[in-house]
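As stored in upload.pdb (PDB, C-alpha atoms):
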```pdb
ATOM      1  CA  MET A   1       2.251 -95.113-131.747  1.00  0.00           C
ATOM      2  CA  THR A   2       0.407 -95.908-134.952  1.00  0.00           C
ATOM      3  CA  ALA A   3      -3.168 -95.099-135.841  1.00  0.00           C
ATOM      4  CA  GLU A   4      -4.084 -98.706-135.089  1.00  0.00           C
ATOM      5  CA  GLN A   5      -2.686 -98.441-131.554  1.00  0.00           C
ATOM      6  CA  THR A   6      -4.333 -95.162-130.558  1.00  0.00           C
ATOM      7  CA  PRO A   7      -7.221 -95.719-128.204  1.00  0.00           C
ATOM      8  CA  ALA A   8     -10.662 -94.882-129.526  1.00  0.00           C
ATOM      9  CA  PRO A   9     -12.044 -91.646-128.099  1.00  0.00           C
ATOM     10  CA  ALA A  10     -14.738 -92.064-125.484  1.00  0.00           C
ATOM     11  CA  ASN A  11     -18.275 -91.917-126.770  1.00  0.00           C
ATOM     12  CA  PRO A  12     -19.336 -88.266-126.285  1.00  0.00           C
ATOM     13  CA  SER A  13     -22.921 -89.254-125.585  1.00  0.00           C
ATOM     14  CA  ARG A  14     -21.855 -91.553-122.749  1.00  0.00           C
ATOM     15  CA  ARG A  15     -19.476 -88.880-121.441  1.00  0.00           C
ATOM     16  CA  THR A  16     -22.219 -86.250-121.279  1.00  0.00           C
ATOM     17  CA  LEU A  17     -24.512 -88.801-119.617  1.00  0.00           C
ATOM     18  CA  GLY A  18     -21.862 -89.379-116.970  1.00  0.00           C
ATOM     19  CA  VAL A  19     -21.392 -85.644-116.470  1.00  0.00           C
ATOM     20  CA  MET A  20     -25.163 -85.187-116.103  1.00  0.00           C
ATOM     21  CA  LEU A  21     -25.363 -87.956-113.491  1.00  0.00           C
ATOM     22  CA  LEU A  22     -22.377 -86.542-111.606  1.00  0.00           C
ATOM     23  CA  LEU A  23     -23.859 -83.035-111.618  1.00  0.00           C
ATOM     24  CA  THR A  24     -27.224 -84.328-110.428  1.00  0.00           C
ATOM     25  CA  VAL A  25     -25.775 -86.322-107.539  1.00  0.00           C
ATOM     26  CA  LEU A  26     -23.407 -83.502-106.547  1.00  0.00           C
ATOM     27  CA  SER A  27     -26.231 -80.956-106.640  1.00  0.00           C
ATOM     28  CA  ALA A  28     -28.487 -83.170-104.515  1.00  0.00           C
ATOM     29  CA  VAL A  29     -25.728 -83.677-101.937  1.00  0.00           C
ATOM     30  CA  LEU A  30     -25.049 -79.933-101.770  1.00  0.00           C
ATOM     31  CA  VAL A  31     -28.710 -78.947-101.518  1.00  0.00           C
ATOM     32  CA  LEU A  32     -29.748 -81.631 -99.025  1.00  0.00           C
ATOM     33  CA  THR A  33     -26.701 -80.969 -96.857  1.00  0.00           C
ATOM     34  CA  ALA A  34     -27.300 -77.220 -96.938  1.00  0.00           C
ATOM     35  CA  ALA A  35     -31.019 -77.624 -96.178  1.00  0.00           C
ATOM     36  CA  GLY A  36     -30.170 -79.448 -92.968  1.00  0.00           C
ATOM     37  CA  ARG A  37     -27.774 -76.787 -91.733  1.00  0.00           C
ATOM     38  CA  THR A  38     -28.464 -73.511 -89.903  1.00  0.00           C
ATOM     39  CA  TRP A  39     -29.341 -70.692 -92.296  1.00  0.00           C
ATOM     40  CA  ALA A  40     -30.238 -68.008 -89.731  1.00  0.00           C
ATOM     41  CA  GLU A  41     -29.654 -67.455 -86.029  1.00  0.00           C
ATOM     42  CA  GLY A  42     -30.385 -64.754 -83.543  1.00  0.00           C
ATOM     43  CA  ARG A  43     -31.619 -64.040 -80.050  1.00  0.00           C
ATOM     44  CA  ALA A  44     -35.040 -64.047 -78.495  1.00  0.00           C
ATOM     45  CA  GLY A  45     -34.645 -62.190 -75.225  1.00  0.00           C
ATOM     46  CA  THR A  46     -31.915 -64.150 -73.458  1.00  0.00           C
ATOM     47  CA  LEU A  47     -32.383 -67.289 -75.581  1.00  0.00           C
ATOM     48  CA  ASP A  48     -30.466 -68.235 -78.700  1.00  0.00           C
ATOM     49  CA  VAL A  49     -32.654 -69.230 -81.666  1.00  0.00           C
ATOM     50  CA  SER A  50     -31.723 -70.732 -85.003  1.00  0.00           C
ATOM     51  CA  VAL A  51     -33.477 -72.266 -87.988  1.00  0.00           C
ATOM     52  CA  SER A  52     -32.279 -74.652 -90.655  1.00  0.00           C
ATOM     53  CA  GLY A  53     -32.811 -74.251 -94.372  1.00  0.00           C
ATOM     54  CA  GLY A  54     -35.512 -76.914 -94.242  1.00  0.00           C
ATOM     55  CA  ARG A  55     -37.453 -74.854 -91.701  1.00  0.00           C
ATOM     56  CA  ILE A  56     -37.148 -71.709 -93.806  1.00  0.00           C
ATOM     57  CA  SER A  57     -38.260 -73.476 -96.991  1.00  0.00           C
ATOM     58  CA  GLU A  58     -38.834 -77.139 -97.791  1.00  0.00           C
ATOM     59  CA  LEU A  59     -38.660 -76.348-101.498  1.00  0.00           C
ATOM     60  CA  PRO A  60     -34.894 -76.755-102.094  1.00  0.00           C
ATOM     61  CA  GLY A  61     -34.745 -80.218-100.516  1.00  0.00           C
ATOM     62  CA  GLY A  62     -37.889 -81.399-102.273  1.00  0.00           C
ATOM     63  CA  LEU A  63     -36.717 -80.168-105.659  1.00  0.00           C
ATOM     64  CA  ALA A  64     -33.310 -81.807-105.162  1.00  0.00           C
ATOM     65  CA  LEU A  65     -35.120 -85.120-104.711  1.00  0.00           C
ATOM     66  CA  VAL A  66     -37.100 -84.415-107.894  1.00  0.00           C
ATOM     67  CA  GLY A  67     -33.782 -83.932-109.683  1.00  0.00           C
ATOM     68  CA  LEU A  68     -32.496 -87.283-108.413  1.00  0.00           C
ATOM     69  CA  ALA A  69     -35.672 -89.012-109.557  1.00  0.00           C
ATOM     70  CA  ALA A  70     -35.366 -87.369-112.964  1.00  0.00           C
ATOM     71  CA  ALA A  71     -31.807 -88.660-113.324  1.00  0.00           C
ATOM     72  CA  VAL A  72     -33.113 -92.188-112.876  1.00  0.00           C
ATOM     73  CA  ALA A  73     -36.084 -91.554-115.174  1.00  0.00           C
ATOM     74  CA  VAL A  74     -33.746 -90.517-117.986  1.00  0.00           C
ATOM     75  CA  PHE A  75     -32.944 -94.197-118.537  1.00  0.00           C
ATOM     76  CA  ALA A  76     -36.589 -95.247-118.728  1.00  0.00           C
ATOM     77  CA  VAL A  77     -37.768 -92.776-121.370  1.00  0.00           C
ATOM     78  CA  ARG A  78     -36.799 -91.878-124.911  1.00  0.00           C
ATOM     79  CA  GLY A  79     -37.460 -89.053-127.341  1.00  0.00           C
ATOM     80  CA  VAL A  80     -39.953 -86.466-126.143  1.00  0.00           C
ATOM     81  CA  GLY A  81     -40.124 -88.110-122.722  1.00  0.00           C
ATOM     82  CA  ARG A  82     -36.425 -87.516-122.240  1.00  0.00           C
ATOM     83  CA  LEU A  83     -36.836 -83.869-123.247  1.00  0.00           C
ATOM     84  CA  ALA A  84     -39.605 -83.556-120.656  1.00  0.00           C
ATOM     85  CA  VAL A  85     -37.323 -85.036-117.997  1.00  0.00           C
ATOM     86  CA  GLY A  86     -34.590 -82.564-118.998  1.00  0.00           C
ATOM     87  CA  ALA A  87     -37.027 -79.648-118.766  1.00  0.00           C
ATOM     88  CA  LEU A  88     -38.243 -80.863-115.366  1.00  0.00           C
ATOM     89  CA  THR A  89     -34.649 -81.101-114.118  1.00  0.00           C
ATOM     90  CA  LEU A  90     -33.871 -77.608-115.410  1.00  0.00           C
ATOM     91  CA  LEU A  91     -36.968 -76.172-113.707  1.00  0.00           C
ATOM     92  CA  ALA A  92     -36.187 -78.015-110.459  1.00  0.00           C
ATOM     93  CA  GLY A  93     -32.660 -76.560-110.458  1.00  0.00           C
ATOM     94  CA  LEU A  94     -33.939 -73.044-111.089  1.00  0.00           C
ATOM     95  CA  GLY A  95     -36.541 -73.532-108.336  1.00  0.00           C
ATOM     96  CA  VAL A  96     -33.839 -74.608-105.876  1.00  0.00           C
ATOM     97  CA  ALA A  97     -31.768 -71.560-106.816  1.00  0.00           C
ATOM     98  CA  ALA A  98     -34.699 -69.147-106.427  1.00  0.00           C
ATOM     99  CA  ALA A  99     -35.812 -70.634-103.105  1.00  0.00           C
ATOM    100  CA  SER A 100     -32.245 -70.523-101.786  1.00  0.00           C
ATOM    101  CA  VAL A 101     -31.819 -66.856-102.677  1.00  0.00           C
ATOM    102  CA  ALA A 102     -35.207 -66.045-101.131  1.00  0.00           C
ATOM    103  CA  GLY A 103     -34.300 -67.945 -97.965  1.00  0.00           C
ATOM    104  CA  ALA A 104     -30.871 -66.338 -97.621  1.00  0.00           C
ATOM    105  CA  GLY A 105     -32.285 -63.188 -96.028  1.00  0.00           C
ATOM    106  CA  ASP A 106     -35.590 -64.562 -94.712  1.00  0.00           C
ATOM    107  CA  THR A 107     -36.311 -63.913 -91.025  1.00  0.00           C
ATOM    108  CA  ALA A 108     -39.936 -65.066 -90.835  1.00  0.00           C
ATOM    109  CA  ALA A 109     -39.016 -68.608 -89.749  1.00  0.00           C
ATOM    110  CA  LEU A 110     -36.534 -67.232 -87.212  1.00  0.00           C
ATOM    111  CA  ASP A 111     -39.171 -64.878 -85.800  1.00  0.00           C
ATOM    112  CA  ALA A 112     -41.619 -67.791 -85.563  1.00  0.00           C
ATOM    113  CA  GLU A 113     -39.005 -69.808 -83.677  1.00  0.00           C
ATOM    114  CA  ALA A 114     -38.406 -66.847 -81.319  1.00  0.00           C
ATOM    115  CA  ALA A 115     -42.148 -66.566 -80.656  1.00  0.00           C
ATOM    116  CA  ARG A 116     -42.337 -70.317 -80.007  1.00  0.00           C
ATOM    117  CA  LYS A 117     -39.419 -70.295 -77.570  1.00  0.00           C
ATOM    118  CA  LEU A 118     -40.694 -67.272 -75.691  1.00  0.00           C
ATOM    119  CA  ALA A 119     -44.330 -68.404 -75.929  1.00  0.00           C
ATOM    120  CA  LEU A 120     -45.221 -64.851 -76.949  1.00  0.00           C
ATOM    121  CA  THR A 121     -47.058 -64.186 -80.181  1.00  0.00           C
ATOM    122  CA  GLY A 122     -45.457 -61.451 -82.238  1.00  0.00           C
ATOM    123  CA  SER A 123     -41.969 -61.879 -80.797  1.00  0.00           C
ATOM    124  CA  THR A 124     -39.124 -61.236 -83.187  1.00  0.00           C
ATOM    125  CA  ALA A 125     -35.521 -62.320 -83.180  1.00  0.00           C
ATOM    126  CA  THR A 126     -32.793 -59.786 -82.639  1.00  0.00           C
ATOM    127  CA  GLU A 127     -29.092 -59.855 -83.510  1.00  0.00           C
ATOM    128  CA  VAL A 128     -29.943 -61.871 -86.629  1.00  0.00           C
ATOM    129  CA  ALA A 129     -27.090 -63.434 -88.571  1.00  0.00           C
ATOM    130  CA  HIS A 130     -27.300 -65.496 -91.751  1.00  0.00           C
ATOM    131  CA  SER A 131     -24.911 -68.287 -92.711  1.00  0.00           C
ATOM    132  CA  ALA A 132     -23.426 -69.197 -96.088  1.00  0.00           C
ATOM    133  CA  TRP A 133     -25.506 -72.394 -96.402  1.00  0.00           C
ATOM    134  CA  PRO A 134     -28.194 -70.805 -98.608  1.00  0.00           C
ATOM    135  CA  TRP A 135     -25.457 -69.945-101.089  1.00  0.00           C
ATOM    136  CA  VAL A 136     -24.248 -73.557-101.056  1.00  0.00           C
ATOM    137  CA  ALA A 137     -27.811 -74.592-101.889  1.00  0.00           C
ATOM    138  CA  LEU A 138     -27.834 -71.986-104.664  1.00  0.00           C
ATOM    139  CA  VAL A 139     -24.725 -73.566-106.199  1.00  0.00           C
ATOM    140  CA  GLY A 140     -26.416 -76.964-105.962  1.00  0.00           C
ATOM    141  CA  GLY A 141     -29.486 -75.583-107.721  1.00  0.00           C
ATOM    142  CA  LEU A 142     -27.385 -74.141-110.527  1.00  0.00           C
ATOM    143  CA  LEU A 143     -25.597 -77.481-110.973  1.00  0.00           C
ATOM    144  CA  LEU A 144     -28.978 -79.220-111.171  1.00  0.00           C
ATOM    145  CA  ALA A 145     -30.133 -76.710-113.789  1.00  0.00           C
ATOM    146  CA  LEU A 146     -26.954 -77.423-115.757  1.00  0.00           C
ATOM    147  CA  ALA A 147     -27.735 -81.152-115.592  1.00  0.00           C
ATOM    148  CA  GLY A 148     -31.166 -80.353-117.043  1.00  0.00           C
ATOM    149  CA  LEU A 149     -29.592 -78.352-119.861  1.00  0.00           C
ATOM    150  CA  LEU A 150     -27.253 -81.261-120.657  1.00  0.00           C
ATOM    151  CA  THR A 151     -30.243 -83.590-120.798  1.00  0.00           C
ATOM    152  CA  LEU A 152     -32.087 -81.255-123.144  1.00  0.00           C
ATOM    153  CA  ARG A 153     -29.053 -80.835-125.399  1.00  0.00           C
ATOM    154  CA  TYR A 154     -27.564 -84.347-125.490  1.00  0.00           C
ATOM    155  CA  GLY A 155     -30.283 -86.598-124.057  1.00  0.00           C
ATOM    156  CA  ARG A 156     -31.511 -87.926-127.403  1.00  0.00           C
ATOM    157  CA  GLY A 157     -28.168 -89.639-127.996  1.00  0.00           C
ATOM    158  CA  TRP A 158     -27.938 -91.307-124.587  1.00  0.00           C
ATOM    159  CA  PRO A 159     -28.562 -95.023-124.239  1.00  0.00           C
ATOM    160  CA  ALA A 160     -31.872 -96.195-122.812  1.00  0.00           C
ATOM    161  CA  MET A 161     -33.073 -99.398-121.235  1.00  0.00           C
ATOM    162  CA  GLY A 162     -33.282-102.263-123.698  1.00  0.00           C
ATOM    163  CA  SER A 163     -36.522-103.558-125.099  1.00  0.00           C
ATOM    164  CA  ARG A 164     -36.306-106.560-122.786  1.00  0.00           C
ATOM    165  CA  TYR A 165     -37.456-104.247-119.973  1.00  0.00           C
ATOM    166  CA  GLU A 166     -40.574-103.170-121.841  1.00  0.00           C
ATOM    167  CA  ALA A 167     -43.927-104.812-121.272  1.00  0.00           C
ATOM    168  CA  PRO A 168     -44.347-107.903-123.412  1.00  0.00           C
ATOM    169  CA  THR A 169     -46.743-107.720-126.295  1.00  0.00           C
ATOM    170  CA  ARG A 170     -48.981-110.573-127.254  1.00  0.00           C
ATOM    171  CA  LYS A 171     -48.090-112.055-130.606  1.00  0.00           C
ATOM    172  CA  ALA A 172     -50.667-113.658-132.781  1.00  0.00           C
ATOM    173  CA  PRO A 173     -50.085-117.387-132.766  1.00  0.00           C
ATOM    174  CA  ALA A 174     -48.665-118.780-135.961  1.00  0.00           C
ATOM    175  CA  LYS A 175     -50.809-121.084-137.994  1.00  0.00           C
ATOM    176  CA  THR A 176     -50.032-124.635-136.945  1.00  0.00           C
ATOM    177  CA  ASP A 177     -51.024-127.289-139.427  1.00  0.00           C
ATOM    178  CA  THR A 178     -48.546-129.998-138.607  1.00  0.00           C
ATOM    179  CA  PRO A 179     -46.957-131.303-135.425  1.00  0.00           C
ATOM    180  CA  GLY A 180     -43.676-129.806-136.633  1.00  0.00           C
ATOM    181  CA  ASP A 181     -45.321-126.349-136.762  1.00  0.00           C
ATOM    182  CA  LEU A 182     -46.462-126.836-133.154  1.00  0.00           C
ATOM    183  CA  TRP A 183     -42.898-127.494-132.033  1.00  0.00           C
ATOM    184  CA  LYS A 184     -41.555-124.512-133.984  1.00  0.00           C
ATOM    185  CA  ALA A 185     -44.176-122.254-132.363  1.00  0.00           C
ATOM    186  CA  LEU A 186     -43.161-123.522-128.914  1.00  0.00           C
ATOM    187  CA  ASP A 187     -39.484-122.858-129.755  1.00  0.00           C
ATOM    188  CA  ARG A 188     -40.371-119.254-130.608  1.00  0.00           C
ATOM    189  CA  GLY A 189     -42.098-118.887-127.232  1.00  0.00           C
ATOM    190  CA  GLU A 190     -45.617-118.868-128.647  1.00  0.00           C
ATOM    191  CA  ASP A 191     -48.578-120.817-127.368  1.00  0.00           C
ATOM    192  CA  PRO A 192     -49.901-122.729-130.388  1.00  0.00           C
ATOM    193  CA  THR A 193     -53.070-123.643-128.495  1.00  0.00           C
ATOM    194  CA  ALA A 194     -54.067-120.011-127.883  1.00  0.00           C
ATOM    195  CA  VAL A 195     -57.150-118.877-129.719  1.00  0.00           C
TER     196      VAL A 195
END
```

Using the file provided, produce a representation of the structure as structure tokens.
Amino acid sequence: MTAEQTPAPANPSRRTLGVMLLLTVLSAVLVLTAAGRTWAEGRAGTLDVSVSGGRISELPGGLALVGLAAAVAVFAVRGVGRLAVGALTLLAGLGVAAASVAGAGDTAALDAEAARKLALTGSTATEVAHSAWPWVALVGGLLLALAGLLTLRYGRGWPAMGSRYEAPTRKAPAKTDTPGDLWKALDRGEDPTAV
């Protein structure tokens, strides 16, 4: 194979953009799936009680959605705006991770569920067991933070929406002295009659 026949290497900026998008979607799937699953279960008297990650803390699911929105926003902004989106994604990922670790051993929501089921204020759950779902959410949060770091590091080189998606600006009409100038202005998309 000659040098002319070797395929050109993939554009590293597009590759890192693809990795960032993949990490963001994967992290959102992990976090949102984990938030809907049972994180803690126990007993309240003779009744079984359990709570999902979303009942323990709504923060991981909400921050995962922020991360998804930031992945879309990356295409709409450039320069400093893209750095801000990367920082927001990084912070959202770290927030998911922190909330997941905090919720991994939390029993307050389970105790509240036990009190609700027994209709007795101050009831607590016994025989408490925690699942692995908070740790799945933690992994999702770390992946989201990594997506934010990629955006901060490589985001300036990523493609953005073209200028055709930007708001149109009003151009000053060209001076039209002759009928030919009027036609040329119309061809350029200008209104020669505008004042």

Need to verify the contact set: A:Val80, 10 Å, only C-alpha atoms, exclusion of same-chain residues closer than 6 positions in sequence. Can you return it as a compact mmCIF listing (two decimals) with C-alpha atoms, keeping the file's coordinate frame?
```txt
# COMPACT_ATOMS: atom_id res chain seq x y z
CA GLY A 86 -34.59 -82.56 -119.00
CA LEU A 152 -32.09 -81.26 -123.14
CA GLY A 155 -30.28 -86.60 -124.06
CA ARG A 156 -31.51 -87.93 -127.40
```

Env of stretch 48-58 of chain A: 6 Å cut, atoms = all atoms listed in the file, seq-sep filter 5 positions within chain, self excluded. Answer as a compact mmCIF listing (two decimals) with C-alpha atoms, in the coordinates of the input.
```txt
# COMPACT_ATOMS: atom_id res chain seq x y z
CA ALA A 35 -31.02 -77.62 -96.18
CA GLY A 36 -30.17 -79.45 -92.97
CA ARG A 37 -27.77 -76.79 -91.73
CA THR A 38 -28.46 -73.51 -89.90
CA TRP A 39 -29.34 -70.69 -92.30
CA ALA A 40 -30.24 -68.01 -89.73
CA GLU A 41 -29.65 -67.46 -86.03
CA GLY A 42 -30.38 -64.75 -83.54
CA ARG A 43 -31.62 -64.04 -80.05
CA ALA A 109 -39.02 -68.61 -89.75
CA LEU A 110 -36.53 -67.23 -87.21
```

**Message:** Measuring between all atoms listed in the file, which one of A:Thr89, A:Ser100, A:Thr126, A:Thr121 shows the shortest distance to A:Ala34?
**Reply:**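 Using all atoms listed in the file, the shortest distance to A:Ala34 belongs to A:Ser100.
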
**Request:** Find the spatial neighbours of A:Ala44, counting all atoms listed in the file, within a cut-off of 9 Å - ignore same-chain residues fewer than 4 positions away - and output them as a PyMOL selection string.
**Result:** chain A and resi 48-49+111+113-115+117-118+123-127

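Minimum atom-to-atom distance to A:Thr24, evaluated using all atoms listed in the file, belongs to A:Ala147 out of A:Trp135, A:Gly79, A:Gly105, A:Ala147.
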
**Request:** Convert the output of the PyMOL selection byres ((chain A and resi 97) around 12) on the shown file into explicit residues, formatted as a ChimeraX atom specification.
**Result:** /A:27,30-31,57,59-61,63-64,90-96,98-104,134-146

Could you save those same residues with C-alpha atoms as a PDB file, in the coordinates of the input?
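Produced file out-v3.pdb, reproduced below:
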```
ATOM      1  CA  SER A  27     -26.231 -80.956-106.640  1.00  0.00           C
ATOM      2  CA  LEU A  30     -25.049 -79.933-101.770  1.00  0.00           C
ATOM      3  CA  VAL A  31     -28.710 -78.947-101.518  1.00  0.00           C
ATOM      4  CA  SER A  57     -38.260 -73.476 -96.991  1.00  0.00           C
ATOM      5  CA  LEU A  59     -38.660 -76.348-101.498  1.00  0.00           C
ATOM      6  CA  PRO A  60     -34.894 -76.755-102.094  1.00  0.00           C
ATOM      7  CA  GLY A  61     -34.745 -80.218-100.516  1.00  0.00           C
ATOM      8  CA  LEU A  63     -36.717 -80.168-105.659  1.00  0.00           C
ATOM      9  CA  ALA A  64     -33.310 -81.807-105.162  1.00  0.00           C
ATOM     10  CA  LEU A  90     -33.871 -77.608-115.410  1.00  0.00           C
ATOM     11  CA  LEU A  91     -36.968 -76.172-113.707  1.00  0.00           C
ATOM     12  CA  ALA A  92     -36.187 -78.015-110.459  1.00  0.00           C
ATOM     13  CA  GLY A  93     -32.660 -76.560-110.458  1.00  0.00           C
ATOM     14  CA  LEU A  94     -33.939 -73.044-111.089  1.00  0.00           C
ATOM     15  CA  GLY A  95     -36.541 -73.532-108.336  1.00  0.00           C
ATOM     16  CA  VAL A  96     -33.839 -74.608-105.876  1.00  0.00           C
ATOM     17  CA  ALA A  98     -34.699 -69.147-106.427  1.00  0.00           C
ATOM     18  CA  ALA A  99     -35.812 -70.634-103.105  1.00  0.00           C
ATOM     19  CA  SER A 100     -32.245 -70.523-101.786  1.00  0.00           C
ATOM     20  CA  VAL A 101     -31.819 -66.856-102.677  1.00  0.00           C
ATOM     21  CA  ALA A 102     -35.207 -66.045-101.131  1.00  0.00           C
ATOM     22  CA  GLY A 103     -34.300 -67.945 -97.965  1.00  0.00           C
ATOM     23  CA  ALA A 104     -30.871 -66.338 -97.621  1.00  0.00           C
ATOM     24  CA  PRO A 134     -28.194 -70.805 -98.608  1.00  0.00           C
ATOM     25  CA  TRP A 135     -25.457 -69.945-101.089  1.00  0.00           C
ATOM     26  CA  VAL A 136     -24.248 -73.557-101.056  1.00  0.00           C
ATOM     27  CA  ALA A 137     -27.811 -74.592-101.889  1.00  0.00           C
ATOM     28  CA  LEU A 138     -27.834 -71.986-104.664  1.00  0.00           C
ATOM     29  CA  VAL A 139     -24.725 -73.566-106.199  1.00  0.00           C
ATOM     30  CA  GLY A 140     -26.416 -76.964-105.962  1.00  0.00           C
ATOM     31  CA  GLY A 141     -29.486 -75.583-107.721  1.00  0.00           C
ATOM     32  CA  LEU A 142     -27.385 -74.141-110.527  1.00  0.00           C
ATOM     33  CA  LEU A 143     -25.597 -77.481-110.973  1.00  0.00           C
ATOM     34  CA  LEU A 144     -28.978 -79.220-111.171  1.00  0.00           C
ATOM     35  CA  ALA A 145     -30.133 -76.710-113.789  1.00  0.00           C
ATOM     36  CA  LEU A 146     -26.954 -77.423-115.757  1.00  0.00           C
TER      37      LEU A 146
END
```

**Request:** Enter the distance from atom CA of A:Ala132 to atom CA of A:Leu68, in Å, rounded to one decimal.
**Result:** 23.7 Å

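Atom CA of A:Ala76 lies 16.9 Å from atom CA of A:Leu150.
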
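From atom CA of A:Leu120 back to atom CA of A:Gly45, the distance works out to 11.0 Å.
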
**Prompt:** From the set A:Leu182, A:Pro192, A:Ala71, A:Leu83, which residue has the shortest atom-to-atom contact distance to A:Val19, counting all atoms listed in the file?
**Reply:** A:Ala71
